[in-house]
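The file data34.csv comes next; it holds CSV, C-alpha atoms and all ligand atoms.
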```csv
chain,number,residue,atom,x,y,z
A,156,MET,CA,41.6,4.4,-28.5
A,157,THR,CA,38.2,2.7,-28.0
A,158,ASN,CA,37.7,-0.6,-29.8
A,159,TYR,CA,34.3,-2.3,-30.0
A,160,GLN,CA,32.9,-5.4,-31.5
A,161,VAL,CA,29.3,-5.3,-32.6
A,162,ALA,CA,26.9,-8.1,-33.7
A,163,VAL,CA,24.7,-6.9,-36.6
A,164,ILE,CA,21.3,-8.6,-37.2
A,165,PRO,CA,19.7,-6.9,-40.2
A,166,GLY,CA,16.5,-9.1,-40.0
A,167,ASP,CA,13.6,-8.8,-42.6
A,168,GLY,CA,12.1,-6.4,-45.0
A,169,ILE,CA,13.6,-2.9,-44.8
A,170,GLY,CA,15.8,-4.1,-42.0
A,171,PRO,CA,18.8,-4.9,-44.2
A,172,GLU,CA,18.3,-1.8,-46.3
A,173,VAL,CA,18.5,0.6,-43.3
A,174,VAL,CA,21.1,-1.3,-41.3
A,175,ASN,CA,23.4,-1.1,-44.4
A,176,GLU,CA,23.3,2.7,-44.1
A,177,ALA,CA,23.9,2.7,-40.4
A,178,VAL,CA,26.9,0.4,-40.7
A,179,LYS,CA,28.3,2.7,-43.4
A,180,VAL,CA,28.0,5.6,-41.0
A,181,LEU,CA,29.9,3.7,-38.3
A,182,GLU,CA,32.6,2.6,-40.9
A,183,LEU,CA,33.0,6.2,-41.8
A,184,LEU,CA,33.7,7.0,-38.2
A,185,ASN,CA,36.3,4.2,-38.2
A,186,LYS,CA,38.0,6.1,-41.0
A,187,LEU,CA,37.7,9.6,-39.7
A,188,ASP,CA,38.3,9.3,-36.0
A,189,SER,CA,41.6,7.8,-35.0
A,190,THR,CA,40.4,7.2,-31.4
A,191,PHE,CA,37.6,5.0,-32.5
A,192,GLN,CA,37.5,1.5,-34.0
A,193,MET,CA,34.5,-0.7,-34.4
A,194,GLY,CA,34.3,-4.2,-35.9
A,195,PHE,CA,31.1,-5.8,-37.3
A,196,THR,CA,29.9,-9.4,-37.6
A,197,THR,CA,26.6,-9.9,-39.5
A,198,TYR,CA,24.2,-12.7,-38.6
A,199,ASP,CA,21.5,-13.7,-41.1
A,200,TRP,CA,18.9,-14.7,-38.4
A,201,ASN,CA,15.6,-13.7,-39.9
A,202,SER,CA,12.4,-15.2,-41.4
A,203,GLU,CA,14.3,-16.7,-44.4
A,204,TYR,CA,16.5,-18.4,-41.8
A,205,PHE,CA,13.4,-19.7,-40.1
A,206,LEU,CA,11.9,-21.1,-43.4
A,207,ARG,CA,15.2,-22.9,-44.1
A,208,ASN,CA,16.0,-24.2,-40.5
A,209,GLY,CA,12.7,-24.2,-38.6
A,210,LYS,CA,14.1,-21.8,-36.1
A,211,MET,CA,14.8,-18.1,-36.0
A,212,MET,CA,18.4,-18.4,-34.9
A,213,PRO,CA,20.8,-21.3,-34.0
A,214,ASP,CA,20.7,-22.9,-30.6
A,215,ASP,CA,23.9,-21.3,-29.5
A,216,ALA,CA,23.0,-17.8,-30.8
A,217,LEU,CA,22.7,-16.2,-27.3
A,218,ASP,CA,26.2,-17.6,-26.3
A,219,THR,CA,27.6,-16.2,-29.5
A,220,LEU,CA,26.0,-12.8,-29.0
A,221,LYS,CA,27.0,-12.4,-25.4
A,222,ASN,CA,30.6,-11.8,-26.4
A,223,TYR,CA,29.9,-8.6,-28.2
A,224,ASP,CA,29.9,-5.1,-26.9
A,225,ALA,CA,26.5,-4.3,-28.4
A,226,ILE,CA,24.0,-5.6,-30.9
A,227,LEU,CA,22.7,-3.5,-33.9
A,228,PHE,CA,19.3,-4.8,-34.9
A,229,GLY,CA,17.2,-3.9,-38.0
A,230,ALA,CA,13.6,-5.2,-38.0
A,231,ILE,CA,11.9,-8.5,-38.0
A,232,GLY,CA,8.6,-9.6,-39.5
A,233,ASP,CA,7.5,-11.5,-42.7
A,234,ARG,CA,4.1,-12.4,-43.9
A,235,ARG,CA,5.2,-16.1,-44.3
A,236,VAL,CA,6.0,-16.5,-40.6
A,237,PRO,CA,3.6,-15.8,-37.8
A,238,ASP,CA,4.5,-12.6,-35.9
A,239,ASP,CA,4.5,-14.4,-32.5
A,240,VAL,CA,7.3,-16.7,-33.9
A,241,THR,CA,9.5,-13.9,-35.1
A,242,VAL,CA,9.0,-11.9,-31.9
A,243,TRP,CA,9.1,-14.7,-29.3
A,244,ASP,CA,11.9,-16.7,-31.0
A,245,LEU,CA,14.3,-13.9,-31.8
A,246,ILE,CA,13.7,-10.5,-30.1
A,247,MET,CA,12.3,-11.7,-26.8
A,248,PRO,CA,15.0,-14.3,-26.0
A,249,ILE,CA,17.7,-11.6,-26.6
A,250,ARG,CA,15.9,-9.0,-24.5
A,251,LYS,CA,15.2,-11.5,-21.7
A,252,LYS,CA,18.4,-13.5,-21.6
A,253,PHE,CA,20.5,-10.3,-21.7
A,254,ASN,CA,18.3,-8.7,-19.0
A,255,GLN,CA,17.7,-5.7,-21.3
A,256,TYR,CA,15.0,-4.4,-18.8
A,257,VAL,CA,15.0,-0.9,-20.1
A,258,ASN,CA,13.7,0.2,-23.5
A,259,LEU,CA,14.7,3.8,-24.0
A,260,ARG,CA,12.9,5.7,-26.7
A,261,PRO,CA,13.8,9.4,-27.3
A,262,VAL,CA,10.9,11.5,-28.5
A,263,LYS,CA,12.7,14.6,-29.9
A,264,LEU,CA,11.4,16.9,-32.6
A,265,LEU,CA,14.4,17.5,-34.8
A,266,LYS,CA,14.8,20.7,-36.7
A,267,GLY,CA,13.5,20.5,-40.3
A,268,VAL,CA,11.0,17.8,-39.6
A,269,PRO,CA,7.5,18.5,-40.9
A,270,SER,CA,5.2,18.3,-37.9
A,271,ARG,CA,2.1,20.1,-36.6
A,272,TYR,CA,4.2,21.0,-33.5
A,273,GLN,CA,6.7,23.0,-35.5
A,274,GLY,CA,8.2,25.7,-33.3
A,275,GLU,CA,7.6,23.7,-30.1
A,276,THR,CA,10.5,22.1,-28.2
A,277,ILE,CA,9.6,18.5,-27.8
A,278,ASP,CA,12.4,16.6,-26.3
A,279,PHE,CA,11.7,13.8,-23.8
A,280,VAL,CA,12.4,10.1,-23.4
A,281,ILE,CA,10.1,7.2,-22.7
A,282,VAL,CA,11.6,4.6,-20.4
A,283,ARG,CA,9.6,1.5,-21.0
A,284,GLU,CA,9.9,-1.6,-18.8
A,285,ASN,CA,11.1,-4.3,-21.2
A,286,ALA,CA,11.3,-7.6,-19.4
A,287,GLU,CA,8.0,-8.3,-17.7
A,288,GLY,CA,4.6,-6.6,-17.4
A,289,GLU,CA,1.8,-7.3,-19.8
A,290,TYR,CA,4.2,-9.0,-22.3
A,291,SER,CA,4.6,-12.2,-20.4
A,292,ASN,CA,4.0,-15.6,-21.9
A,293,SER,CA,2.1,-16.7,-18.7
A,294,GLY,CA,-1.4,-17.8,-19.4
A,295,GLY,CA,-3.3,-20.1,-21.6
A,296,ARG,CA,-6.6,-21.0,-23.3
A,297,LEU,CA,-9.2,-23.4,-22.1
A,298,TYR,CA,-11.9,-25.2,-24.3
A,299,PRO,CA,-10.4,-23.9,-27.6
A,300,GLY,CA,-12.8,-23.4,-30.5
A,301,THR,CA,-15.9,-23.7,-28.3
A,302,GLU,CA,-18.3,-21.0,-27.2
A,303,GLN,CA,-17.0,-21.6,-23.6
A,304,GLU,CA,-13.5,-20.7,-24.7
A,305,ILE,CA,-11.5,-18.8,-22.0
A,306,ALA,CA,-8.2,-17.0,-22.5
A,307,ILE,CA,-6.1,-15.9,-19.6
A,308,GLN,CA,-3.1,-13.7,-20.1
A,309,ASN,CA,-1.2,-12.8,-16.9
A,310,THR,CA,0.5,-9.5,-16.3
A,311,VAL,CA,3.7,-9.9,-14.3
A,312,ILE,CA,4.6,-6.8,-12.3
A,313,THR,CA,7.3,-7.3,-9.7
A,314,ARG,CA,8.5,-4.9,-7.0
A,315,THR,CA,12.1,-5.5,-8.0
A,316,GLY,CA,11.5,-5.1,-11.8
A,317,THR,CA,9.5,-2.0,-11.3
A,318,LYS,CA,12.1,-0.4,-9.0
A,319,LYS,CA,14.9,-1.2,-11.4
A,320,VAL,CA,13.2,0.5,-14.3
A,321,ALA,CA,12.0,3.4,-12.2
A,322,ARG,CA,15.6,3.9,-10.8
A,323,PHE,CA,16.9,4.1,-14.3
A,324,ALA,CA,14.3,6.8,-15.1
A,325,PHE,CA,15.2,8.9,-12.1
A,326,GLU,CA,18.9,8.4,-12.7
A,327,TYR,CA,18.5,9.4,-16.3
A,328,ALA,CA,16.6,12.5,-15.2
A,329,LYS,CA,19.3,13.4,-12.7
A,330,GLN,CA,22.1,12.9,-15.1
A,331,HIS,CA,20.4,15.0,-17.9
A,332,GLY,CA,19.3,17.9,-15.7
A,333,LYS,CA,15.6,17.1,-15.8
A,334,THR,CA,13.2,18.0,-13.0
A,335,THR,CA,10.3,15.6,-13.4
A,336,VAL,CA,9.6,11.9,-14.0
A,337,THR,CA,6.1,11.1,-15.2
A,338,SER,CA,4.8,7.6,-14.4
A,339,ALA,CA,2.0,6.0,-16.6
A,340,THR,CA,-0.5,4.0,-14.6
A,341,LYS,CA,-4.0,2.7,-14.5
A,342,SER,CA,-4.3,1.7,-10.8
A,343,ASN,CA,-7.9,2.9,-10.7
A,344,ALA,CA,-8.9,0.0,-12.8
A,345,ILE,CA,-6.1,-2.5,-12.8
A,346,ILE,CA,-6.0,-2.6,-9.0
A,347,HIS,CA,-3.5,-5.3,-8.3
A,348,SER,CA,-0.5,-5.0,-10.6
A,349,MET,CA,-0.7,-1.3,-11.3
A,350,LYS,CA,-1.0,-0.5,-7.6
A,351,LEU,CA,2.2,-2.4,-7.0
A,352,TRP,CA,3.7,-0.4,-9.9
A,353,ASP,CA,2.7,2.9,-8.3
A,354,GLU,CA,4.1,1.9,-4.9
A,355,ALA,CA,7.4,0.8,-6.3
A,356,VAL,CA,7.9,3.9,-8.4
A,357,LYS,CA,7.0,6.1,-5.5
A,358,GLU,CA,9.4,4.3,-3.2
A,359,VAL,CA,12.3,4.9,-5.7
A,360,GLY,CA,11.2,8.5,-6.2
A,361,LYS,CA,12.0,9.1,-2.5
A,362,GLU,CA,15.6,8.4,-3.2
A,363,PHE,CA,15.6,11.4,-5.6
A,364,PRO,CA,14.2,14.3,-3.6
A,365,ALA,CA,15.3,16.9,-6.2
A,366,ILE,CA,13.1,15.3,-8.9
A,367,ASN,CA,9.3,15.5,-9.0
A,368,LEU,CA,7.3,12.4,-9.6
A,369,GLN,CA,3.9,12.9,-11.3
A,370,SER,CA,1.6,10.0,-12.0
A,371,TYR,CA,-1.1,10.0,-14.7
A,372,TYR,CA,-3.6,7.4,-15.8
A,373,ILE,CA,-2.6,6.1,-19.2
A,374,ASP,CA,-5.7,7.4,-21.0
A,375,ALA,CA,-5.2,10.9,-19.7
A,376,LEU,CA,-1.5,10.7,-20.4
A,377,ALA,CA,-2.1,9.7,-24.1
A,378,ALA,CA,-4.3,12.9,-24.4
A,379,TYR,CA,-1.6,15.1,-22.7
A,380,PHE,CA,1.0,13.7,-25.1
A,381,VAL,CA,-1.1,15.2,-28.0
A,382,LEU,CA,-2.2,18.4,-26.2
A,383,ARG,CA,1.1,19.4,-24.5
A,384,PRO,CA,4.0,17.2,-25.5
A,385,GLU,CA,6.5,20.0,-24.7
A,386,ASP,CA,5.8,19.5,-20.9
A,387,PHE,CA,7.4,16.0,-20.6
A,388,GLU,CA,10.9,15.2,-19.7
A,389,VAL,CA,11.2,11.5,-18.7
A,390,VAL,CA,8.2,9.2,-18.9
A,391,VAL,CA,8.4,5.7,-17.2
A,392,ALA,CA,5.8,3.1,-18.2
A,393,SER,CA,5.1,-0.6,-18.1
A,394,ASN,CA,5.8,-2.8,-21.1
A,395,LEU,CA,2.4,-2.4,-22.9
A,396,PHE,CA,1.8,1.2,-21.9
A,397,GLY,CA,5.4,2.1,-22.9
A,398,ASP,CA,4.9,0.4,-26.3
A,399,ILE,CA,1.8,2.3,-27.1
A,400,LEU,CA,3.1,5.6,-25.8
A,401,SER,CA,6.2,5.1,-27.9
A,402,ASP,CA,4.3,4.9,-31.2
A,403,LEU,CA,2.2,7.9,-30.2
A,404,GLY,CA,5.4,9.8,-29.3
A,405,SER,CA,7.0,8.9,-32.6
A,406,ALA,CA,3.9,10.1,-34.5
A,407,LEU,CA,4.3,13.5,-32.7
A,408,VAL,CA,7.8,14.0,-34.0
A,409,GLY,CA,7.7,12.9,-37.6
A,410,GLY,CA,6.8,9.2,-37.7
A,411,LEU,CA,8.4,5.8,-37.5
A,412,GLY,CA,11.2,6.5,-40.0
A,413,LEU,CA,12.7,8.9,-37.5
A,414,SER,CA,12.3,7.0,-34.2
A,415,PRO,CA,15.2,5.1,-32.6
A,416,SER,CA,15.3,2.8,-29.6
A,417,ALA,CA,17.7,1.1,-27.2
A,418,ASN,CA,17.1,-2.1,-25.3
A,419,LEU,CA,19.5,-1.5,-22.4
A,420,ASN,CA,21.1,-3.7,-19.8
A,421,PRO,CA,22.2,-0.7,-17.7
A,422,GLU,CA,24.6,-2.7,-15.5
A,423,GLY,CA,26.6,-3.8,-18.6
A,424,ASP,CA,26.5,-7.4,-17.6
A,425,PHE,CA,25.3,-8.3,-21.1
A,426,PRO,CA,25.3,-6.5,-24.5
A,427,SER,CA,22.5,-4.0,-25.1
A,428,MET,CA,20.6,-3.9,-28.4
A,429,PHE,CA,19.8,-0.9,-30.6
A,430,GLU,CA,16.9,-1.0,-33.1
A,431,PRO,CA,14.5,1.4,-34.8
A,432,VAL,CA,11.0,1.6,-33.4
A,433,HIS,CA,9.6,0.7,-36.8
A,434,GLY,CA,9.1,-2.9,-38.1
A,435,SER,CA,10.1,-4.6,-41.3
A,436,ALA,CA,7.6,-2.4,-43.4
A,437,PRO,CA,6.7,-5.1,-45.9
A,438,ASP,CA,4.7,-2.5,-48.0
A,439,ILE,CA,7.9,-0.7,-49.0
A,440,ALA,CA,10.5,-3.4,-48.5
A,441,GLY,CA,12.8,-4.0,-51.5
A,442,LYS,CA,12.0,-0.6,-53.0
A,443,GLY,CA,15.0,1.2,-51.6
A,444,ILE,CA,12.9,4.1,-50.2
A,445,ALA,CA,12.8,3.4,-46.5
A,446,ASN,CA,14.1,6.3,-44.3
A,447,PRO,CA,17.3,5.1,-42.7
A,448,ILE,CA,17.3,7.9,-40.0
A,449,ALA,CA,15.7,5.8,-37.2
A,450,GLN,CA,18.3,3.1,-37.7
A,451,ILE,CA,21.2,5.5,-38.0
A,452,TRP,CA,20.0,7.3,-34.8
A,453,SER,CA,19.8,3.9,-33.1
A,454,ALA,CA,23.4,3.4,-34.0
A,455,ALA,CA,24.1,6.8,-32.4
A,456,LEU,CA,22.3,5.7,-29.2
A,457,MET,CA,24.7,2.6,-29.3
A,458,LEU,CA,27.7,4.9,-29.4
A,459,GLU,CA,26.4,7.0,-26.5
A,460,HIS,CA,25.8,3.8,-24.5
A,461,LEU,CA,29.4,2.7,-25.3
A,462,GLY,CA,30.7,6.0,-24.0
A,463,ARG,CA,31.1,7.9,-27.2
A,464,LYS,CA,28.5,10.6,-26.8
A,465,ASP,CA,30.7,12.9,-28.7
A,466,LEU,CA,30.3,10.8,-31.8
A,467,ALA,CA,26.6,10.3,-31.2
A,468,ASP,CA,26.1,14.0,-31.0
A,469,VAL,CA,27.9,14.4,-34.4
A,470,ILE,CA,25.6,11.9,-36.0
A,471,LEU,CA,22.5,13.6,-34.6
A,472,ALA,CA,23.7,17.0,-35.7
A,473,ALA,CA,24.4,15.6,-39.2
A,474,ILE,CA,20.9,14.1,-39.4
A,475,GLU,CA,19.4,17.4,-38.3
A,476,GLN,CA,21.4,19.3,-40.9
A,477,VAL,CA,20.2,17.1,-43.7
A,478,LEU,CA,16.6,17.5,-42.5
A,479,VAL,CA,16.9,21.3,-42.3
A,480,GLN,CA,18.4,21.5,-45.8
A,481,LYS,CA,15.5,19.5,-47.2
A,482,GLN,CA,17.5,18.6,-50.4
A,483,VAL,CA,17.4,14.9,-49.7
A,484,GLN,CA,14.1,13.6,-48.4
A,485,THR,CA,12.7,10.1,-48.5
A,486,PRO,CA,9.0,9.7,-49.4
A,487,ASP,CA,7.9,9.5,-45.8
A,488,LEU,CA,9.2,13.1,-45.5
A,489,GLY,CA,7.5,14.2,-48.7
A,490,GLY,CA,10.5,13.7,-51.1
A,491,SER,CA,11.6,11.2,-53.6
A,492,ALA,CA,15.1,10.3,-52.3
A,493,THR,CA,16.2,6.8,-51.8
A,494,THR,CA,17.5,5.1,-48.6
A,495,MET,CA,21.0,5.3,-50.1
A,496,ASP,CA,20.7,9.0,-51.0
A,497,MET,CA,19.7,9.7,-47.4
A,498,GLY,CA,22.6,7.6,-46.0
A,499,LEU,CA,25.1,9.4,-48.3
A,500,ALA,CA,23.8,12.9,-47.4
A,501,ILE,CA,24.2,12.1,-43.7
A,502,ARG,CA,27.7,10.7,-44.2
A,503,GLU,CA,28.7,13.8,-46.1
A,504,ALA,CA,27.3,16.0,-43.3
A,505,ILE,CA,29.2,14.0,-40.7
A,506,GLN,CA,32.4,14.4,-42.7
A,507,LEU,CA,32.0,18.1,-42.8
A,508,LEU,CA,31.1,18.4,-39.1
A,509,LEU,CA,34.1,16.4,-38.1
A,510,LEU,CA,36.4,18.5,-40.3
A,511,VAL,CA,35.0,21.7,-38.6
A,512,LYS,CA,35.5,20.1,-35.1
A,513,GLU,CA,39.1,19.1,-36.0
A,514,GLY,CA,39.7,22.7,-37.2
A,515,GLN,CA,38.5,24.0,-33.9
A,516,SER,CA,40.7,21.8,-31.7
B,601,LIG,P1,5.5,-4.5,-37.3
B,601,LIG,O1,4.3,-5.3,-36.9
B,601,LIG,O2,6.7,-5.2,-37.4
B,601,LIG,O3,5.6,-3.2,-36.4
B,601,LIG,P2,4.1,-3.0,-39.3
B,601,LIG,O4,4.0,-3.2,-40.8
B,601,LIG,O5,2.8,-3.1,-38.6
B,601,LIG,O6,5.2,-4.1,-38.8
B,601,LIG,P3,6.0,-1.0,-39.6
B,601,LIG,O7,6.8,-2.0,-40.3
B,601,LIG,O8,6.7,-0.3,-38.5
B,601,LIG,O9,4.7,-1.7,-38.9
B,601,LIG,O10,5.4,0.0,-40.6
B,601,LIG,C1,4.2,0.8,-40.4
B,601,LIG,C2,4.1,1.9,-41.5
B,601,LIG,O11,5.2,2.8,-41.4
B,601,LIG,C3,4.2,1.2,-42.9
B,601,LIG,O12,3.4,1.9,-43.8
B,601,LIG,C4,5.7,1.5,-43.3
B,601,LIG,O13,5.8,1.6,-44.7
B,601,LIG,C5,6.0,2.8,-42.6
B,601,LIG,N1,7.4,2.8,-42.2
B,601,LIG,C6,8.0,2.1,-41.2
B,601,LIG,N2,9.3,2.3,-41.2
B,601,LIG,C7,9.6,3.2,-42.1
B,601,LIG,C8,10.8,3.8,-42.6
B,601,LIG,N3,12.0,3.5,-42.0
B,601,LIG,N4,10.7,4.6,-43.6
B,601,LIG,C9,9.6,4.9,-44.2
B,601,LIG,N5,8.4,4.4,-43.8
B,601,LIG,C10,8.4,3.5,-42.8
```
Is it possible to express this structure as structure tokens?
Amino acid sequence: MTNYQVAVIPGDGIGPEVVNEAVKVLELLNKLDSTFQMGFTTYDWNSEYFLRNGKMMPDDALDTLKNYDAILFGAIGDRRVPDDVTVWDLIMPIRKKFNQYVNLRPVKLLKGVPSRYQGETIDFVIVRENAEGEYSNSGGRLYPGTEQEIAIQNTVITRTGTKKVARFAFEYAKQHGKTTVTSATKSNAIIHSMKLWDEAVKEVGKEFPAINLQSYYIDALAAYFVLRPEDFEVVVASNLFGDILSDLGSALVGGLGLSPSANLNPEGDFPSMFEPVHGSAPDIAGKGIANPIAQIWSAALMLEHLGRKDLADVILAAIEQVLVQKQVQTPDLGGSATTMDMGLAIREAIQLLLLVKEGQS
């Protein structure tokens, strides 16, 4: 019996709508699989909370969260609160305090997804450095509001941080039978930080002689993503480059409604956090039409991280089945189904798949 406790932070906009469906999937597994038990505690830390309390979460929030096995996160962002507040006062403290230095984003073209790459096998992961790099709060502005104004934003690349994320990428490749790790760089123009990135990645690569390391400048790599996405297996990138490549990757395989992510603390010293790549989507929030697949797939990544790849595989197979059948499609997929319709269809598919599995054993 595996017993897990999960903190749930639905957040803003479509966050609560899609999280609701992901939790219902996990609750179904509670019911159907006698070897699995997961408890949930929901926290209302979001922009509403900020407007009421002047902060995004309570002072002891990180102490509270650290006792959970994992965090299931929806999305954050609200027009009434500046984006830098929602990001730097909620998501960043969790990622940094819990040393979630890997952001793992699968880029997989599921069967049944409308895409211009139909017929191709696109199945790779982006391993984005998640704790330092270009997204540091080191810097400042001088002479604000004047013509002489200067803004300095420092990029922080460390040998240790880069080696850690590179090692994760190579280990991932090794464990998943992949042959090549691709590193995103720009050391021809960013000659200090990116040269250190290159050196550190190369150093780690030597520990994995069976795996090839190829290194591309980010501009060329973006073009290769579009021209031959089927060639990639594991892509490792700094925080900014990884962020941009992830949105590009998700556009290749059907869009934001289908793209999950995991913020991982690979050592397991702290809980890891699982969230869709998309944001709070204020344009469709409250309409009940958001696609919950990215969130449900993020919950599957959570199960895989917690050691239940068997259940994660069932969820992904159920998602794929619903997509192939095309009877239930949210508007982003060209249909008129609601978030709840899609959640229900996936739960029904899971139920059937588990029944078949049980019959086979
Ligand atoms: P953020 O700055 O938080 O990323 P954003 O509005 O720039 O917010 P998203 O919230 O990710 O970016 O939304 C981008 C577009 O994708 C919007 O048009 C939104 O409606 C659409 N979108 C995002 N997530 C989904 C989803 N789950 N289902 C359907 N459409 C989605």
Tell me which protein, DNA and RNA residues are within 9 Å of Val178 of chain A, counting all atoms listed in the file, leaving out same-chain ones fewer than 5 positions away, and put them as a list in words.
->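 Listing them by chain and then by number gives Val163, Val173, Leu183, Phe195, Leu227, Ile451 and Ala454 of chain A.
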Dump of C-alpha atoms for the selected residues, as a PDB file, keeping the file's coordinate frame:
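Heads up, here's the output in result37.pdb:
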```pdb
ATOM      1  CA  VAL A 163      24.700  -6.900 -36.600  1.00  0.00           C
ATOM      2  CA  VAL A 173      18.500   0.600 -43.300  1.00  0.00           C
ATOM      3  CA  LEU A 183      33.000   6.200 -41.800  1.00  0.00           C
ATOM      4  CA  PHE A 195      31.100  -5.800 -37.300  1.00  0.00           C
ATOM      5  CA  LEU A 227      22.700  -3.500 -33.900  1.00  0.00           C
ATOM      6  CA  ILE A 451      21.200   5.500 -38.000  1.00  0.00           C
ATOM      7  CA  ALA A 454      23.400   3.400 -34.000  1.00  0.00           C
TER       8      ALA A 454
END
```
List the residues sitting within 6 Å of (14.2, 2.9, -27.4) in the file's frame, using all atoms listed in the file, as a list in words.
-> Asn258, Leu259, Arg260, Pro415, Ser416 and Ala417 of chain A
Can you tell me which residues come within 8 Å of ligand LIG 601 (chain B) when counting all atoms listed in the file, ideally as a ChimeraX atom specification?
-> /A:169,173,230-232,238,410-413,431-440,444-450,485-487
In Å and to one decimal, atom CA of Lys512 of chain A is distant from atom CA of Leu264 of chain A by 24.4 Å
Write out as a list in words each polymer residue whose atoms come within 10 Å of Phe323 of chain A, counting all atoms listed in the file; drop sequence neighbours fewer than 2 positions from it.
->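 After dropping sequence-adjacent residues, the list is Tyr256, Val257, Leu259, Val282, Lys318, Lys319, Val320, Ala321, Phe325, Glu326, Tyr327, Ala328, Lys329, Val359, Val391 and Pro421 of chain A.
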If you count all atoms listed in the file, the residue of A:Asn175, A:Thr315, A:Gln506, A:Gln484 closest to Val268 of chain A turns out to be A:Gln484
So which residues are close to (34.9, -4.6, -34.1), meaning at most 9 Å away in the file's coordinates with all atoms listed in the file counted, and can you show them as a list in words?
-> Asn158, Tyr159, Gln160, Val161, Ala162, Gln192, Met193, Gly194, Phe195, Thr196, Tyr223 and Asp224 of chain A
Dump as a PDB file, in the coordinates of the input, selection limited to C-alpha atoms:
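selection.pdb was written with the following content:
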```pdb
ATOM      1  CA  ASN A 158      37.700  -0.600 -29.800  1.00  0.00           C
ATOM      2  CA  TYR A 159      34.300  -2.300 -30.000  1.00  0.00           C
ATOM      3  CA  GLN A 160      32.900  -5.400 -31.500  1.00  0.00           C
ATOM      4  CA  VAL A 161      29.300  -5.300 -32.600  1.00  0.00           C
ATOM      5  CA  ALA A 162      26.900  -8.100 -33.700  1.00  0.00           C
ATOM      6  CA  GLN A 192      37.500   1.500 -34.000  1.00  0.00           C
ATOM      7  CA  MET A 193      34.500  -0.700 -34.400  1.00  0.00           C
ATOM      8  CA  GLY A 194      34.300  -4.200 -35.900  1.00  0.00           C
ATOM      9  CA  PHE A 195      31.100  -5.800 -37.300  1.00  0.00           C
ATOM     10  CA  THR A 196      29.900  -9.400 -37.600  1.00  0.00           C
ATOM     11  CA  TYR A 223      29.900  -8.600 -28.200  1.00  0.00           C
ATOM     12  CA  ASP A 224      29.900  -5.100 -26.900  1.00  0.00           C
TER      13      ASP A 224
END
```
For Thr313 of chain A, which of A:Lys341, A:Lys350, A:Arg250, A:Lys357 is the closest residue, counting all atoms listed in the file?
-> A:Lys350
List the neighbours of Phe205 of chain A out to 12 Å using all atoms listed in the file; skip same-chain residues closer than 4 positions along the sequence, and give me the result as a PDB file with C-alpha atoms, in the coordinates of the input.
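Result file selection30.pdb:
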```pdb
ATOM      1  CA  GLY A 166      16.500  -9.100 -40.000  1.00  0.00           C
ATOM      2  CA  ASP A 167      13.600  -8.800 -42.600  1.00  0.00           C
ATOM      3  CA  ASP A 199      21.500 -13.700 -41.100  1.00  0.00           C
ATOM      4  CA  TRP A 200      18.900 -14.700 -38.400  1.00  0.00           C
ATOM      5  CA  ASN A 201      15.600 -13.700 -39.900  1.00  0.00           C
ATOM      6  CA  GLY A 209      12.700 -24.200 -38.600  1.00  0.00           C
ATOM      7  CA  LYS A 210      14.100 -21.800 -36.100  1.00  0.00           C
ATOM      8  CA  MET A 211      14.800 -18.100 -36.000  1.00  0.00           C
ATOM      9  CA  MET A 212      18.400 -18.400 -34.900  1.00  0.00           C
ATOM     10  CA  PRO A 213      20.800 -21.300 -34.000  1.00  0.00           C
ATOM     11  CA  ILE A 231      11.900  -8.500 -38.000  1.00  0.00           C
ATOM     12  CA  GLY A 232       8.600  -9.600 -39.500  1.00  0.00           C
ATOM     13  CA  ASP A 233       7.500 -11.500 -42.700  1.00  0.00           C
ATOM     14  CA  ARG A 235       5.200 -16.100 -44.300  1.00  0.00           C
ATOM     15  CA  VAL A 236       6.000 -16.500 -40.600  1.00  0.00           C
ATOM     16  CA  PRO A 237       3.600 -15.800 -37.800  1.00  0.00           C
ATOM     17  CA  VAL A 240       7.300 -16.700 -33.900  1.00  0.00           C
ATOM     18  CA  THR A 241       9.500 -13.900 -35.100  1.00  0.00           C
ATOM     19  CA  ASP A 244      11.900 -16.700 -31.000  1.00  0.00           C
ATOM     20  CA  LEU A 245      14.300 -13.900 -31.800  1.00  0.00           C
TER      21      LEU A 245
END
```
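For the pair atom CA of Ala500 of chain A and atom CA of Asn185 of chain A, the separation is 17.8 Å.
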Atomic distance atom CA of Leu220 of chain A - atom CA of Pro426 of chain A, expressed in Å with one decimal =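 Atom-to-atom, atom CA of Leu220 of chain A to atom CA of Pro426 of chain A, that is 7.8 Å.
Of the listed residues A:His460, A:Lys266, A:Lys179, A:Arg234, the one whose atoms come nearest to Glu422 of chain A is A:His460, with distances taken using all atoms listed in the file.
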Restricting the calculation to only C-alpha atoms, which member of A:Leu265, A:Ile366, A:Ala377, A:Leu488 is positioned closest to Ala473 of chain A?
-> A:Leu265
Of A:Leu351, A:Ile249, A:Ile474, A:Ala339, the one nearest to Leu376 of chain A when counting all atoms listed in the file is A:Ala339
Contacts of Trp352 of chain A at 9 Å (only C-alpha atoms; same-chain gap of 2+ positions) as an MDAnalysis selection string | chainID A and resid 312:314 317:318 340 342 347:350 354:357 393
Can you pull out every residue within 10 Å of Phe191 of chain A, counting all atoms listed in the file, but drop anything in the same chain fewer than 5 positions away, and send it as a PyMOL selection string?
-> chain A and resi 156-159+181+184-186+463+466
Which of A:Ser427, A:Asn418, A:Ser453, A:Thr310 sits closest to Val180 of chain A [using only C-alpha atoms] | A:Ser453
